[in-house]
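Structure data (mmCIF, C-alpha atoms) from upload16.cif:
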```cif
data_input
#
loop_
_atom_site.label_atom_id
_atom_site.label_comp_id
_atom_site.auth_asym_id
_atom_site.auth_seq_id
_atom_site.Cartn_x
_atom_site.Cartn_y
_atom_site.Cartn_z
CA MET A 1 47.74 104.07 56.09
CA ALA A 2 51.31 103.57 57.29
CA LEU A 3 54.04 103.73 54.68
CA SER A 4 55.85 100.48 54.03
CA CYS A 5 59.55 100.30 54.79
CA ARG A 6 60.34 100.07 51.09
CA GLU A 7 58.41 103.30 50.56
CA GLN A 8 60.43 104.87 53.36
CA VAL A 9 63.61 103.88 51.52
CA VAL A 10 62.26 105.55 48.37
CA ARG A 11 61.77 108.80 50.31
CA ILE A 12 65.37 108.63 51.52
CA GLU A 13 66.47 107.96 47.91
CA GLU A 14 64.76 111.13 46.77
CA GLU A 15 65.55 113.44 49.68
CA VAL A 16 69.06 112.31 50.70
CA LEU A 17 70.81 109.86 48.38
CA GLN A 18 69.99 111.42 45.00
CA PRO A 19 71.04 114.96 46.06
CA MET A 20 74.23 113.53 47.59
CA THR A 21 75.11 111.67 44.38
CA GLN A 22 74.29 114.71 42.29
CA TYR A 23 76.69 116.77 44.42
CA VAL A 24 79.47 114.18 43.94
CA ASP A 25 78.94 114.14 40.17
CA GLU A 26 79.00 117.93 40.05
CA ARG A 27 82.41 117.82 41.72
CA ARG A 28 83.55 115.43 38.99
CA GLU A 29 82.51 117.90 36.33
CA GLU A 30 84.54 120.56 38.14
CA CYS A 31 87.55 118.23 37.99
CA ARG A 32 87.06 117.70 34.28
CA ASN A 33 86.80 121.42 33.61
CA GLU A 34 89.60 122.47 35.92
CA PRO A 35 92.50 123.94 33.90
CA CYS A 36 95.77 122.07 33.89
CA ASN A 37 98.42 123.92 35.93
CA TRP A 38 101.61 123.30 34.00
CA TRP A 39 103.84 124.30 36.94
CA LEU A 40 102.25 121.40 38.87
CA LEU A 41 102.69 119.04 35.90
CA CYS A 42 98.88 118.83 35.74
CA LEU A 43 98.87 116.98 39.06
CA ASN A 44 96.06 119.26 40.23
CA LYS A 45 93.69 117.48 37.83
CA LEU A 46 94.97 114.06 38.90
CA VAL A 47 94.55 114.85 42.60
CA CYS A 48 91.06 116.19 41.97
CA THR A 49 90.08 113.06 40.00
CA VAL A 50 91.51 110.70 42.62
CA PHE A 51 89.68 112.60 45.34
CA TRP A 52 86.43 112.31 43.36
CA ALA A 53 86.96 108.56 42.90
CA VAL A 54 87.49 108.06 46.65
CA VAL A 55 84.40 110.11 47.46
CA LYS A 56 82.40 108.12 44.88
CA VAL A 57 83.41 104.82 46.49
CA VAL A 58 82.60 106.13 49.97
CA THR A 59 79.26 107.38 48.68
CA TRP A 60 78.49 103.95 47.23
CA VAL A 61 79.29 102.25 50.54
CA VAL A 62 77.22 104.76 52.52
CA THR A 63 74.33 104.44 50.05
CA THR A 64 74.31 100.64 50.31
CA VAL A 65 74.47 100.71 54.10
CA VAL A 66 71.74 103.35 54.31
CA ARG A 67 69.42 101.40 51.99
CA TRP A 68 69.64 98.14 53.92
CA GLY A 69 70.15 99.71 57.34
CA THR A 70 67.13 101.96 57.00
CA ARG A 71 64.95 99.06 55.99
CA ILE A 72 66.06 96.84 58.87
CA ILE A 73 65.68 99.61 61.44
CA CYS A 74 62.31 100.53 59.97
CA VAL A 75 61.06 96.95 60.35
CA VAL A 76 62.24 96.69 63.96
CA VAL A 77 60.78 100.05 64.98
CA SER A 78 57.50 99.33 63.17
CA LEU A 79 57.13 96.03 65.01
CA VAL A 80 57.65 97.71 68.38
CA ILE A 81 55.28 100.57 67.63
CA GLY A 82 52.76 98.15 66.11
CA LEU A 83 52.71 96.01 69.24
CA LEU A 84 52.13 99.09 71.40
CA ALA A 85 49.44 100.38 69.05
CA MET A 86 47.53 97.11 69.38
CA PHE A 87 46.69 98.03 72.97
CA ILE A 88 44.66 101.02 71.74
CA GLY A 89 42.97 99.04 69.03
CA ASN A 90 45.13 100.15 66.07
CA PHE A 91 46.19 97.09 64.07
CA ASP A 92 47.25 98.86 60.85
CA ILE A 93 50.84 99.44 61.97
CA ILE A 94 51.50 95.88 63.13
CA ILE A 95 49.94 94.45 59.94
CA GLN A 96 52.22 96.62 57.79
CA ALA A 97 55.20 95.79 60.02
CA LEU A 98 54.57 92.06 59.60
CA LYS A 99 54.36 92.52 55.81
CA ASP A 100 57.66 94.44 55.87
CA SER A 101 59.25 91.73 58.03
CA LEU A 102 58.14 89.02 55.62
CA GLU A 103 59.49 91.00 52.64
CA LEU A 104 62.83 91.48 54.40
CA ILE A 105 63.08 87.77 55.24
CA ILE A 106 62.22 86.78 51.65
CA ASP A 107 64.81 89.23 50.29
CA GLY A 108 67.35 87.73 52.69
CA ILE A 109 66.56 84.26 51.34
CA TYR A 110 66.87 85.54 47.77
CA PHE A 111 70.22 87.10 48.70
CA ALA A 112 71.51 83.79 50.09
CA ILE A 113 70.29 81.77 47.08
CA GLY A 114 71.79 84.36 44.77
CA ALA A 115 75.13 84.21 46.61
CA LEU A 116 75.30 80.43 46.12
CA ILE A 117 74.44 80.72 42.42
CA PHE A 118 76.93 83.59 42.02
CA ALA A 119 79.71 81.54 43.64
CA ALA A 120 78.95 78.50 41.49
CA ILE A 121 78.77 80.41 38.19
CA MET A 122 81.88 82.45 38.94
CA SER A 123 83.79 79.26 39.77
CA ILE A 124 82.84 77.75 36.41
CA ASP A 125 83.58 81.07 34.73
CA PHE A 126 87.04 81.18 36.30
CA MET A 127 87.92 77.65 35.20
CA GLN A 128 86.65 78.19 31.66
CA THR A 129 88.61 81.44 31.39
CA LEU A 130 91.71 79.76 32.77
CA PHE A 131 91.58 77.02 30.11
CA GLY A 132 90.64 79.37 27.28
CA ILE A 133 87.14 77.96 26.84
CA GLU A 134 85.43 81.25 27.59
CA ARG A 135 85.91 84.42 25.53
CA LYS A 136 85.00 87.87 26.89
CA ARG A 137 85.20 91.46 25.78
CA LYS A 138 84.78 94.87 27.38
CA LEU A 139 81.97 97.22 26.43
CA THR A 140 82.63 99.15 23.24
CA GLU A 141 82.65 102.95 23.16
CA LYS A 142 79.39 102.83 21.19
CA GLU A 143 77.73 100.67 23.85
CA ILE A 144 78.91 102.92 26.66
CA ALA A 145 77.62 105.96 24.74
CA VAL A 146 74.17 104.34 24.65
CA LEU A 147 74.23 103.35 28.33
CA LYS A 148 75.63 106.59 29.75
CA PRO A 149 72.48 108.72 29.29
CA ILE A 150 70.47 106.06 31.14
CA PHE A 151 72.77 105.17 34.01
CA GLY A 152 75.04 108.21 34.20
CA ASP A 153 78.04 107.45 36.42
CA SER A 154 76.20 104.89 38.56
CA LEU A 155 77.68 101.90 36.68
CA LEU A 156 81.29 100.75 36.76
CA TYR A 157 81.43 100.36 32.98
CA PHE A 158 85.04 99.18 32.94
CA LEU A 159 84.11 96.07 34.95
CA ILE A 160 81.25 94.97 32.68
CA GLN A 161 82.14 92.16 30.31
CA ILE A 162 80.20 90.56 27.47
CA VAL A 163 80.88 86.82 27.44
CA GLU A 164 80.81 86.04 23.73
CA GLU A 165 81.81 82.38 24.08
CA PRO A 166 80.39 81.11 27.39
CA GLY A 167 81.13 77.39 27.05
CA ILE A 168 78.77 75.40 29.28
CA LEU A 169 77.32 78.66 30.62
CA ARG A 170 75.49 79.32 27.37
CA SER A 171 72.24 79.55 29.33
CA ILE A 172 71.48 78.76 32.95
CA ASP A 173 68.04 77.30 32.26
CA GLY A 174 68.58 76.00 28.73
CA ASN A 175 66.71 78.85 27.03
CA PRO A 176 68.55 80.92 24.40
CA ARG A 177 68.37 84.24 26.21
CA ALA A 178 70.85 86.55 27.83
CA PHE A 179 71.45 86.56 31.58
CA THR A 180 73.69 88.50 33.92
CA ILE A 181 75.76 87.30 36.85
CA GLY A 182 77.54 90.13 38.60
CA TYR A 183 79.38 92.14 35.97
CA ASN A 184 79.35 89.34 33.39
CA ILE A 185 76.64 89.44 30.71
CA TYR A 186 76.20 86.14 28.92
CA PRO A 187 74.92 85.94 25.33
CA PRO A 188 72.97 86.22 23.22
CA VAL A 189 73.34 89.99 23.48
CA ASN A 190 72.00 90.72 20.01
CA SER A 191 70.60 94.21 20.48
CA MET A 192 71.07 97.41 22.45
CA THR A 193 67.68 96.79 24.06
CA THR A 194 68.95 93.48 25.46
CA LEU A 195 72.12 95.19 26.67
CA VAL A 196 70.09 97.87 28.46
CA HIS A 197 67.97 95.18 30.12
CA GLU A 198 71.01 93.26 31.33
CA CYS A 199 72.75 96.41 32.55
CA VAL A 200 69.77 97.07 34.82
CA HIS A 201 70.72 93.75 36.44
CA VAL A 202 74.34 94.91 36.69
CA TRP A 203 73.02 98.01 38.47
CA GLN A 204 70.91 95.82 40.78
CA PHE A 205 73.98 93.74 41.61
CA GLN A 206 76.15 96.78 42.17
CA TYR A 207 73.73 98.33 44.67
CA GLY A 208 71.85 95.33 46.06
CA GLY A 209 74.26 92.42 45.87
CA THR A 210 73.12 88.94 44.85
CA GLN A 211 69.45 89.42 45.85
CA TYR A 212 68.38 89.98 42.24
CA ILE A 213 69.95 86.67 41.14
CA GLY A 214 68.09 84.59 43.72
CA GLN A 215 64.82 86.42 43.13
CA SER A 216 65.04 86.09 39.36
CA MET A 217 65.80 82.36 39.51
CA VAL A 218 63.04 81.56 41.99
CA GLN A 219 60.39 83.71 40.33
CA GLN A 220 61.17 82.41 36.84
CA ALA A 221 61.06 78.82 38.12
CA ILE A 222 57.59 79.49 39.58
CA GLY A 223 56.05 82.00 37.17
CA GLY A 224 58.07 81.71 33.97
CA GLN A 225 57.68 84.67 31.62
CA ALA A 226 55.14 86.29 33.95
CA THR A 227 58.00 87.55 36.09
CA TYR A 228 58.89 89.98 33.25
CA ASP A 229 55.40 91.52 33.24
CA TRP A 230 55.40 95.03 34.70
CA ARG A 231 52.12 96.21 33.18
CA THR A 232 49.81 94.25 35.49
CA THR A 233 51.87 94.79 38.64
CA MET A 234 53.01 98.41 38.46
CA GLY A 235 51.15 100.77 40.77
CA GLN A 236 49.99 104.32 40.16
CA GLY A 237 52.44 106.28 42.32
CA ASP A 238 55.55 108.09 41.07
CA ASN A 239 57.76 105.51 42.78
CA ALA A 240 55.84 102.53 41.35
CA TRP A 241 58.91 101.21 39.46
CA TYR A 242 61.04 101.05 42.60
CA LEU A 243 58.28 99.14 44.40
CA LEU A 244 57.84 96.45 41.73
CA ASP A 245 58.23 93.01 43.31
CA SER A 246 60.19 91.59 40.37
CA ASN A 247 63.68 92.67 39.34
CA GLU A 248 63.02 91.19 35.90
CA ALA A 249 59.92 93.38 35.58
CA LYS A 250 62.02 96.41 36.54
CA ALA A 251 64.57 95.61 33.84
CA SER A 252 61.83 94.95 31.28
CA PHE A 253 60.21 98.29 32.03
CA ILE A 254 63.49 100.13 31.42
CA ASP A 255 64.22 98.29 28.17
CA ASN A 256 60.66 99.08 26.99
CA VAL A 257 61.22 102.77 27.81
CA PHE A 258 64.48 102.57 25.86
CA SER A 259 62.90 101.00 22.77
CA SER A 260 59.46 102.69 22.82
CA GLY A 261 59.96 105.97 24.68
CA THR A 262 60.03 109.25 22.76
CA PHE A 263 61.33 112.77 22.97
CA ASN A 264 58.75 115.35 21.96
CA PHE A 265 60.31 118.58 20.70
CA ASP A 266 58.64 121.95 21.21
CA ASP A 267 58.27 122.39 17.44
CA GLY A 268 56.02 119.31 17.27
CA THR A 269 58.53 116.80 15.92
CA ILE A 270 58.95 113.52 17.76
CA ASP A 271 62.08 111.42 18.10
CA SER A 272 61.06 107.78 18.54
CA SER A 273 64.47 106.17 18.02
CA ASP A 274 65.97 103.82 20.59
CA GLY A 275 67.01 105.75 23.67
CA ALA A 276 65.17 108.94 22.66
CA PHE A 277 63.45 109.09 26.06
CA PHE A 278 66.83 109.52 27.74
CA ALA A 279 68.06 112.31 25.45
CA ALA A 280 69.35 115.47 27.10
CA HIS A 281 67.53 118.24 25.23
CA ASP A 282 66.21 121.52 26.59
CA ASN A 283 63.66 122.16 23.87
CA GLY A 284 61.02 119.56 24.67
CA THR A 285 59.95 116.75 26.97
CA ASN A 286 60.28 112.98 26.99
CA GLY A 287 57.36 110.59 27.03
CA PHE A 288 56.50 106.93 27.45
CA ILE A 289 53.01 105.72 26.62
CA ASP A 290 52.25 102.01 26.51
CA GLY A 291 48.86 100.51 25.68
CA GLY A 292 47.26 103.93 25.94
CA VAL A 293 48.58 104.48 29.48
CA ASP A 294 50.98 107.34 30.17
CA TYR A 295 53.93 106.07 32.22
CA THR A 296 56.13 109.13 31.69
CA VAL A 297 56.23 110.26 35.33
CA ARG A 298 56.96 106.75 36.57
CA ALA A 299 59.64 106.29 33.89
CA ASN A 300 61.37 109.54 34.86
CA HIS A 301 61.30 108.54 38.52
CA ALA A 302 62.91 105.21 37.63
CA TRP A 303 65.51 107.03 35.54
CA ASN A 304 66.39 109.33 38.44
CA ILE A 305 67.00 106.31 40.67
CA LEU A 306 69.08 104.51 38.03
CA LYS A 307 71.36 107.53 37.74
CA THR A 308 71.94 107.51 41.51
#
```

For this file, produce the structure as structure tokens.
Amino acid sequence: MALSCREQVVRIEEEVLQPMTQYVDERREECRNEPCNWWLLCLNKLVCTVFWAVVKVVTWVVTTVVRWGTRIICVVVSLVIGLLAMFIGNFDIIIQALKDSLELIIDGIYFAIGALIFAAIMSIDFMQTLFGIERKRKLTEKEIAVLKPIFGDSLLYFLIQIVEEPGILRSIDGNPRAFTIGYNIYPPVNSMTTLVHECVHVWQFQYGGTQYIGQSMVQQAIGGQATYDWRTTMGQGDNAWYLLDSNEAKASFIDNVFSSGTFNFDDGTIDSSDGAFFAAHDNGTNGFIDGGVDYTVRANHAWNILKT
């Protein structure tokens, strides 16, 4: 059976984008560890850091273009090949191509809806901030320390703001739950688990634009809480998380891994504290079992993508 275009993007994530990002982050570590040359007034470290930052931005742009460009090209090529294959009686390719086309169109609609919502919320946010109605704060060092093992350097932490007093933006749909628009996380953010969930949305915005906003709003309006359910919709493959049809389900899966995942040490002891799954230890392995089903491989695959 022909791979879907989203599955093709996953392959590119694994074979091209993740190694490229890993290389960039390795260069950053070299900058950090480079000794300060006093005769250059330590400018060698500054130049190295600036160079890394430029490369990181370029990598982000290239990654975004490759993700969307690959998918669009894949759909077009699949349609052409599918039409040709029909003449020899093979309809599998055209059926998959039509499914991919529909998914791309729907994502485009979500993107447009999300852009309108983003513009409206940010306009209200700007006015409330201007008149002192809204109160924000940056992430604390403790919060960043919790998020770093999960997201690595893939998030622009300095841009993320917790809106502690949101004025009329207390909740978009009237329910007392947190939501994220761009880099702004609106309360109640009453736990690290909630923060992790919302930062998955920040990651989705950073690498996919406003698509997640439109999708979340539409799916919640239609399906309510069901849009958060990953257990009944996640497939069996390693890349099952990436292929989930709901961005809310993706975020819920990660916050469940954060709160219920474990790290199993070689000596038999188990760390089941929040974030244990994402611990960087050499003497053991992580694990995530939910309802008797082992999701460890799928969780690690999701983690690898989040760190990209």

- Message: For A:Lys250, find every residue with an atom within 9 Å (counting only C-alpha atoms), except residues of its own chain fewer than 2 positions away, and show them as a list in words.
- Response: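 So the residues in contact are His197, Val200, Tyr228, Asp229, Trp230, Trp241, Tyr242, Leu244, Asp245, Ser246, Asn247, Glu248, Ser252, Phe253, Ile254, Asp255 and Ala302 of chain A.
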
- Message: Under the rule that only C-alpha atoms are counted, which of A:Pro149, A:Gly214, A:Gly291, A:Gly237 is the nearest residue to A:Phe258?
- Response: A:Pro149

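On the file presented, the PyMOL selection byres ((chain A and resi 106) around 12) picks out Lys99, Asp100, Ser101, Leu102, Glu103, Leu104, Ile105, Asp107, Gly108, Ile109, Tyr110, Phe111, Ala112, Ile113, Gln211, Tyr212, Gly214, Gln215, Val218, Gln219 and Asp245 of chain A.
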
Take the residues just selected and output them with C-alpha atoms as a short mmCIF file (atom, residue, chain, number, x, y, z; two decimals), in the frame of the given file.
```cif
data_model
loop_
_atom_site.label_atom_id
_atom_site.label_comp_id
_atom_site.auth_asym_id
_atom_site.auth_seq_id
_atom_site.Cartn_x
_atom_site.Cartn_y
_atom_site.Cartn_z
CA LYS A 99 54.36 92.52 55.81
CA ASP A 100 57.66 94.44 55.87
CA SER A 101 59.25 91.73 58.03
CA LEU A 102 58.14 89.02 55.62
CA GLU A 103 59.49 91.00 52.64
CA LEU A 104 62.83 91.48 54.40
CA ILE A 105 63.08 87.77 55.24
CA ASP A 107 64.81 89.23 50.29
CA GLY A 108 67.35 87.73 52.69
CA ILE A 109 66.56 84.26 51.34
CA TYR A 110 66.87 85.54 47.77
CA PHE A 111 70.22 87.10 48.70
CA ALA A 112 71.51 83.79 50.09
CA ILE A 113 70.29 81.77 47.08
CA GLN A 211 69.45 89.42 45.85
CA TYR A 212 68.38 89.98 42.24
CA GLY A 214 68.09 84.59 43.72
CA GLN A 215 64.82 86.42 43.13
CA VAL A 218 63.04 81.56 41.99
CA GLN A 219 60.39 83.71 40.33
CA ASP A 245 58.23 93.01 43.31
#
```

- Message: Once the PyMOL selection byres ((chain A and resi 168) around 10) has been evaluated on this model, what residues remain selected, and can you format them as a list in words?
- Response: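 On this input, the PyMOL selection byres ((chain A and resi 168) around 10) captures Ile124, Asp125, Gln128, Ile133, Glu134, Glu165, Pro166, Gly167, Leu169, Arg170, Ser171 and Ile172 of chain A.
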
- Query: Counting all atoms listed in the file, which of A:Phe265, A:Trp52, A:Trp303, A:Tyr23 gets nearest to A:Thr285?
  - Reply: A:Phe265

- Atom-to-atom span, atom CA of A:Val65 and atom CA of A:Gln22, Å: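 Interatomic distance here is 18.3 Å.
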
- Task: I need the residue set behind the PyMOL selection byres ((chain A and resi 284) around 8) for this file; please write it as a PyMOL selection string.
- Result: chain A and resi 263-266+281-283+285-286

- Task: Go ahead and compute the interatomic distance for atom CA of A:Leu155 and atom CA of A:Met234, in Å to one decimal.
- Result: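 Going from atom CA of A:Leu155 over to atom CA of A:Met234, I get 25.0 Å.
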
- With all atoms listed in the file as the atoms that count, which of A:Arg135, A:Lys307, A:Arg6, A:Lys148 lies nearest to A:Cys74? A:Arg6

- Note on the structure: Atom pair atom CA of A:Gln236 + atom CA of A:Arg11, distance 16.2 Å

- Which of these residues is nearest to A:Ile162, using all atoms listed in the file: A:Ala115, A:Val202, A:Ile289, A:Val146?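 The closest residue to A:Ile162 is A:Val202.
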
- Query: Which is closest to A:Ala53 among A:Ile72, A:Ile94, A:Cys31, A:Thr308, if we use all atoms listed in the file?
  - Reply: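 Result for the nearest residue to A:Ala53: A:Cys31.
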